Every structure is written in C-alpha cells, then in structure tokens.
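First the structure, in the form of structure tokens, and then the observations on it.
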Amino acid sequence: MAFSYDTIKNWKFGKVEQTYTIKDSIIYALGIGMGHDPLDTGQLDYVYEEADFKAVPTMAVVLAGPGFWSRDPKSGIDWKKLLHGEQGVVLHRPLAPEATVVAETRVTEVLDKGAGKGALIYTERELTDKATGERLATLTSTTFARGNGGFGGASGPQPQPHDIPDRVPDAVCDLPTRPQAALLYRLAGDPNPLHADPAVAAAAGFKMPILHGLCSLGVAGHAVLRTYCGYDANRFKSLKLRFSSPVYPGETVRTEMWRDGSVVSFRASVVERDVVVLNNGRVEIGD
C-alpha cells in the first residue's frame, strides 16, 4: 500500500495495557547498567527489592508501547529503512515499582523531506495508571522513514533541537556497558534481532549486534540521575535527546553535562571510538 499523509496521520493504535512487576523494574535497571558498582547504595535502590526500592525514571520509555506498527503493510512504510531519530519523556509523577499502566499513542505530524530524503513521523504516547487514572508520563518520538520521502507532504516547520552550551562541561560521567547489555535490555520489551543475532547485525552493516538506542538513552539518563539528582527519582522531571550513532555492548558511555538552573544539557559519546552517540540532550530536574 502506498505511503500517504492521511494514512499515517490518522493511524489507529488502540489502547495498550501492560502490567509490570518489581522484577521487570529490576531487569530494566540492570539492562541500562545499574548495579555495575555493587557497593554503590544509590544504584542498589534500583536493583535490589529489599533496599529503598524505586523504578528508574527512564523506564517509562518501554512501557505500553504500540509495538512495531510500521511493519503493517497498510502503513506503506519501508520499515527496513527506519531510524529512531529523537525521543522525549515528561514525567508527571514518579513511576511506581510495579503497576498496571495504559497508554494511547497518536501520530502528531508527518513531514516530507523530499524524494530520496525520507519522511519524519512524530508520535506521542500518554501513559496513565490504570487503577487511579492519573497521568504518569508523556512520551514523544521522531522516526526517520528514510524510504518514504516525496509523498507530497509539507516539509515543515520542523522542531529545532536543544542547543548544547558553548563552554567546558560542568560535569562528566563515564558509565560502562556490559558485553551482554543488549541481550539483557531486550527483555525490557524490544526483541528486535538486530540487538541479538550477529547475522542480522552483519546484514545491517554492523560488526556485531548493537545496543538499543533507548538503552543508550537510559545510560545517559543514569548519568544525570547520579550526577545532579543524587539518585533521587523524584527530582528527574523530563528528558529529550537526538540519537546520533549506535553503541556496541561493552563500550563506555561518557556523558558531558552542563547545568543552567533546573535544566541540564548533555551529550554522550563512546570513549573507545570517540564518537558522539547522543546529542542535543535536555533534562529538567527538580529540587
């Protein structure tokens, strides 16, 4: 089926319900590298249920997602050429360690970059607590559909990325990723074989399975949570970033941070290859 603005803009997702447990919260935390220092009590609170246990704020990005809807032939999307361009999360309240949540997703805009240049698909997901009806988080995502440009849609206006300050970082945090990080993180809700099967990764042009982009996001979120929130999940209010390049499991992610009041700007690179993997990052923190 041909790709069209009306088809994508009016796509019907339906409500998605998900029950997650303390075990799921621990798996997510371990997947993004929490607990790499077993003597760090700040990290222990996210991976050990008998500590002052809490859920990692960025776990909201994996809850009650719409699935790989772009693989539906009716969408007309060339799903093999998709890239996750941007991700954002606004937390309206801290996540519970376990809960049943409900989410509704909608496409907010579709932009045409031109024939051979791809299309941008913007989505928004509202996450609520089933028991109380309270809003938990608003998640935004930009998908770059490289094979679907030139469909005749508008080319803008396109939201501008957050600017990184032009000064030396106020703080730098290096966090390791485990060689098996992608195999663990996929248990949090993304079983794409690109992150597990060497043959699939090779066919996509990678030397080995790559880390999930949302896992890299979680590592950078961990760096801000550690550096500016003292591992207090209540202080972590929002995050938004652009994906620049993949991380290979086992590499070290260096997050450079700049604080201006309640806003922490950041970018992340891989130490071993000196490659920027996350850029234009912005986190809002509370007192």
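Naming scheme: A, B, ... for chains in displayed order of the structure tokens; residues 1 onward per chain; ligands 1 onward as shown.
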Test item: residues at most 9 Å from Lys23 of chain A, only C-alpha atoms, excluding those fewer than 3 positions along its chain, as a PDB file with N, CA and C atoms, in the first residue's frame:
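Result went into out_32.pdb, see below:
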ATOM      1  N   TYR A  20       3.505  -4.403  34.863  1.00  0.00           N
ATOM      2  CA  TYR A  20       4.911  -4.675  35.114  1.00  0.00           C
ATOM      3  C   TYR A  20       5.110  -4.893  36.615  1.00  0.00           C
ATOM      4  N   ILE A  26      13.588  -4.216  37.908  1.00  0.00           N
ATOM      5  CA  ILE A  26      14.982  -4.583  38.141  1.00  0.00           C
ATOM      6  C   ILE A  26      15.666  -4.948  36.828  1.00  0.00           C
ATOM      7  N   ILE A  27      14.977  -5.701  35.971  1.00  0.00           N
ATOM      8  CA  ILE A  27      15.555  -6.082  34.682  1.00  0.00           C
ATOM      9  C   ILE A  27      15.882  -4.837  33.858  1.00  0.00           C
ATOM     10  N   TYR A  28      14.979  -3.861  33.848  1.00  0.00           N
ATOM     11  CA  TYR A  28      15.253  -2.619  33.114  1.00  0.00           C
ATOM     12  C   TYR A  28      16.489  -1.931  33.692  1.00  0.00           C
ATOM     13  N   VAL A  47      17.969  -1.866  41.978  1.00  0.00           N
ATOM     14  CA  VAL A  47      18.169  -3.253  41.544  1.00  0.00           C
ATOM     15  C   VAL A  47      17.957  -4.279  42.660  1.00  0.00           C
ATOM     16  N   GLU A  49      15.262  -5.323  45.675  1.00  0.00           N
ATOM     17  CA  GLU A  49      13.911  -5.046  46.169  1.00  0.00           C
ATOM     18  C   GLU A  49      13.830  -4.822  47.678  1.00  0.00           C
ATOM     19  N   PRO A  97       7.152   1.152  41.549  1.00  0.00           N
ATOM     20  CA  PRO A  97       7.984  -0.019  41.275  1.00  0.00           C
ATOM     21  C   PRO A  97       7.247  -1.113  40.527  1.00  0.00           C
ATOM     22  N   GLU A  98       5.925  -1.184  40.694  1.00  0.00           N
ATOM     23  CA  GLU A  98       5.089  -2.134  39.975  1.00  0.00           C
ATOM     24  C   GLU A  98       3.708  -1.524  39.808  1.00  0.00           C
TER      25      GLU A  98
END
Long-range neighbours of segment 30-37 of chain A as JSON, numbers by chain, 10 Å cut-off, only C-alpha atoms, 3 positions minimum in chain: {"A": [24, 25, 26, 27, 40, 41, 42, 43, 44, 45, 46, 47, 48, 56, 58, 59, 175, 176, 177, 178, 180, 181, 182, 183, 184, 185, 186, 187, 188, 211, 212, 214, 215, 216, 217, 218, 219, 220, 221, 222]}
Skipping near chain neighbours, those fewer than 4 positions away, what residues fall within 9 Å of Glu17 of chain A using only C-alpha atoms, listed as a PDB file with N, CA and C atoms, in the first residue's frame?
ATOM      1  N   LEU A  63       7.307   1.301  28.465  1.00  0.00           N
ATOM      2  CA  LEU A  63       6.026   0.836  28.983  1.00  0.00           C
ATOM      3  C   LEU A  63       4.881   1.051  27.992  1.00  0.00           C
ATOM      4  N   ALA A  64       4.103  -0.010  27.765  1.00  0.00           N
ATOM      5  CA  ALA A  64       2.865   0.030  26.967  1.00  0.00           C
ATOM      6  C   ALA A  64       3.048   0.689  25.609  1.00  0.00           C
ATOM      7  N   GLY A  65       4.130   0.340  24.942  1.00  0.00           N
ATOM      8  CA  GLY A  65       4.368   0.876  23.602  1.00  0.00           C
ATOM      9  C   GLY A  65       3.440   0.265  22.565  1.00  0.00           C
ATOM     10  N   THR A 100      -0.076  -1.475  36.874  1.00  0.00           N
ATOM     11  CA  THR A 100      -0.677  -1.731  35.573  1.00  0.00           C
ATOM     12  C   THR A 100      -0.919  -0.381  34.923  1.00  0.00           C
ATOM     13  N   VAL A 101      -0.371  -0.211  33.736  1.00  0.00           N
ATOM     14  CA  VAL A 101      -0.459   1.071  33.052  1.00  0.00           C
ATOM     15  C   VAL A 101      -1.189   0.911  31.722  1.00  0.00           C
ATOM     16  N   VAL A 102      -1.745   2.011  31.256  1.00  0.00           N
ATOM     17  CA  VAL A 102      -2.461   2.046  29.984  1.00  0.00           C
ATOM     18  C   VAL A 102      -1.896   3.196  29.163  1.00  0.00           C
ATOM     19  N   ALA A 103      -1.711   2.971  27.869  1.00  0.00           N
ATOM     20  CA  ALA A 103      -1.164   4.024  27.014  1.00  0.00           C
ATOM     21  C   ALA A 103      -1.973   4.153  25.736  1.00  0.00           C
ATOM     22  N   LYS A 130      -3.653   2.564  35.503  1.00  0.00           N
ATOM     23  CA  LYS A 130      -4.984   2.002  35.317  1.00  0.00           C
ATOM     24  C   LYS A 130      -5.841   2.122  36.571  1.00  0.00           C
TER      25      LYS A 130
END
Per-residue DSSP, segment 90-220 of chain A, filtered to strand (DSSP E), as a PyMOL selection string: chain A and resi 90-91+99-112+119-129+135-145+171-176
Picked from segment 63-179 of chain A by DSSP as helix (DSSP H, G or I), as a VMD selection string: chain A and resid 69 to 71 73 to 75 79 to 81
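The smallest atom-to-atom distance between Ala55 of chain A and any of A:Asp274, A:Asp232, A:Glu256, A:Glu251, using only C-alpha atoms, is found for A:Asp232.
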Who sits within 10 Å of Val90 of chain A, only C-alpha atoms, same chain under 6 positions skipped, as a PyMOL selection string: chain A and resi 57-58+60+126+136-140+236-240+283-284
Using only N, CA and C atoms, please write the residues we just selected to a file, as a JSON list (two decimals), in the first residue's frame.
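Dumped to result_10.json:
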[["chain", "number", "residue", "atom", "x", "y", "z"],
["A", 57, "PRO", "N", 13.44, 6.38, 36.38],
["A", 57, "PRO", "CA", 12.51, 7.26, 35.67],
["A", 57, "PRO", "C", 12.40, 6.98, 34.17],
["A", 58, "THR", "N", 13.54, 6.70, 33.52],
["A", 58, "THR", "CA", 13.52, 6.50, 32.07],
["A", 58, "THR", "C", 12.85, 5.19, 31.65],
["A", 60, "ALA", "N", 9.93, 4.62, 31.73],
["A", 60, "ALA", "CA", 8.67, 5.00, 31.08],
["A", 60, "ALA", "C", 8.73, 4.79, 29.57],
["A", 126, "GLU", "N", 0.59, 8.83, 25.68],
["A", 126, "GLU", "CA", 0.20, 9.22, 27.04],
["A", 126, "GLU", "C", 0.07, 7.97, 27.89],
["A", 136, "LEU", "N", 0.91, 9.49, 34.09],
["A", 136, "LEU", "CA", 2.24, 9.19, 34.58],
["A", 136, "LEU", "C", 3.32, 9.85, 33.74],
["A", 137, "ALA", "N", 3.17, 9.76, 32.41],
["A", 137, "ALA", "CA", 4.22, 10.29, 31.53],
["A", 137, "ALA", "C", 3.66, 10.59, 30.15],
["A", 138, "THR", "N", 4.29, 11.54, 29.48],
["A", 138, "THR", "CA", 4.03, 11.83, 28.07],
["A", 138, "THR", "C", 5.32, 11.55, 27.32],
["A", 139, "LEU", "N", 5.22, 10.66, 26.32],
["A", 139, "LEU", "CA", 6.40, 10.24, 25.57],
["A", 139, "LEU", "C", 6.28, 10.71, 24.13],
["A", 140, "THR", "N", 7.32, 11.33, 23.63],
["A", 140, "THR", "CA", 7.34, 11.78, 22.24],
["A", 140, "THR", "C", 8.49, 11.11, 21.50],
["A", 236, "PHE", "N", 13.87, 13.84, 38.93],
["A", 236, "PHE", "CA", 14.05, 13.68, 37.48],
["A", 236, "PHE", "C", 12.70, 13.93, 36.80],
["A", 237, "LYS", "N", 12.56, 15.07, 36.10],
["A", 237, "LYS", "CA", 11.26, 15.51, 35.59],
["A", 237, "LYS", "C", 11.04, 15.25, 34.10],
["A", 238, "SER", "N", 12.09, 15.35, 33.29],
["A", 238, "SER", "CA", 11.92, 15.15, 31.85],
["A", 238, "SER", "C", 13.26, 14.89, 31.19],
["A", 239, "LEU", "N", 13.21, 14.34, 30.00],
["A", 239, "LEU", "CA", 14.41, 14.12, 29.19],
["A", 239, "LEU", "C", 14.04, 14.17, 27.73],
["A", 240, "LYS", "N", 14.93, 14.75, 26.92],
["A", 240, "LYS", "CA", 14.75, 14.73, 25.47],
["A", 240, "LYS", "C", 16.13, 14.73, 24.81],
["A", 283, "VAL", "N", 17.58, 17.65, 30.14],
["A", 283, "VAL", "CA", 16.87, 17.08, 31.28],
["A", 283, "VAL", "C", 16.44, 18.21, 32.19],
["A", 284, "GLU", "N", 15.21, 18.15, 32.66],
["A", 284, "GLU", "CA", 14.75, 19.10, 33.66],
["A", 284, "GLU", "C", 14.75, 18.40, 35.01]]
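Neighbours of Pro73 of chain A closer than or equal to 12 Å, with only C-alpha atoms counted and sequence neighbours fewer than 4 positions away skipped, come out as Met1, Ala2, Phe3, Thr7, Ile8, Phe68, Trp69, Ile77, Asp78 and Trp79 of chain A.
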With N, CA and C atoms retained, could you export that selection as a tab-separated table (two decimals), in the first residue's frame?
chain	number	residue	atom	x	y	z
A	1	MET	N	0.85	-1.20	0.00
A	1	MET	CA	0.00	0.00	0.00
A	1	MET	C	0.89	1.25	0.00
A	2	ALA	N	0.47	2.28	-0.74
A	2	ALA	CA	1.28	3.49	-0.86
A	2	ALA	C	1.29	4.28	0.46
A	3	PHE	N	2.44	4.86	0.76
A	3	PHE	CA	2.61	5.73	1.93
A	3	PHE	C	1.88	7.04	1.67
A	7	THR	N	-3.00	8.44	5.72
A	7	THR	CA	-2.93	7.10	6.31
A	7	THR	C	-2.15	7.11	7.60
A	8	ILE	N	-0.98	7.75	7.60
A	8	ILE	CA	-0.13	7.75	8.79
A	8	ILE	C	-0.69	8.68	9.87
A	68	PHE	N	5.66	-2.79	16.89
A	68	PHE	CA	6.30	-2.45	15.61
A	68	PHE	C	5.21	-2.24	14.55
A	69	TRP	N	4.41	-1.19	14.75
A	69	TRP	CA	3.24	-0.96	13.90
A	69	TRP	C	3.62	-0.63	12.47
A	77	ILE	N	4.96	2.02	4.98
A	77	ILE	CA	6.28	2.41	5.46
A	77	ILE	C	7.32	1.35	5.06
A	78	ASP	N	8.45	1.82	4.55
A	78	ASP	CA	9.57	0.93	4.26
A	78	ASP	C	10.30	0.72	5.59
A	79	TRP	N	9.81	-0.25	6.38
A	79	TRP	CA	10.26	-0.38	7.77
A	79	TRP	C	11.73	-0.77	7.90
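Atom pair atom CA of Val61 of chain A / atom CA of Gly156 of chain A has a distance of 26.1 Å (rounded to one decimal).
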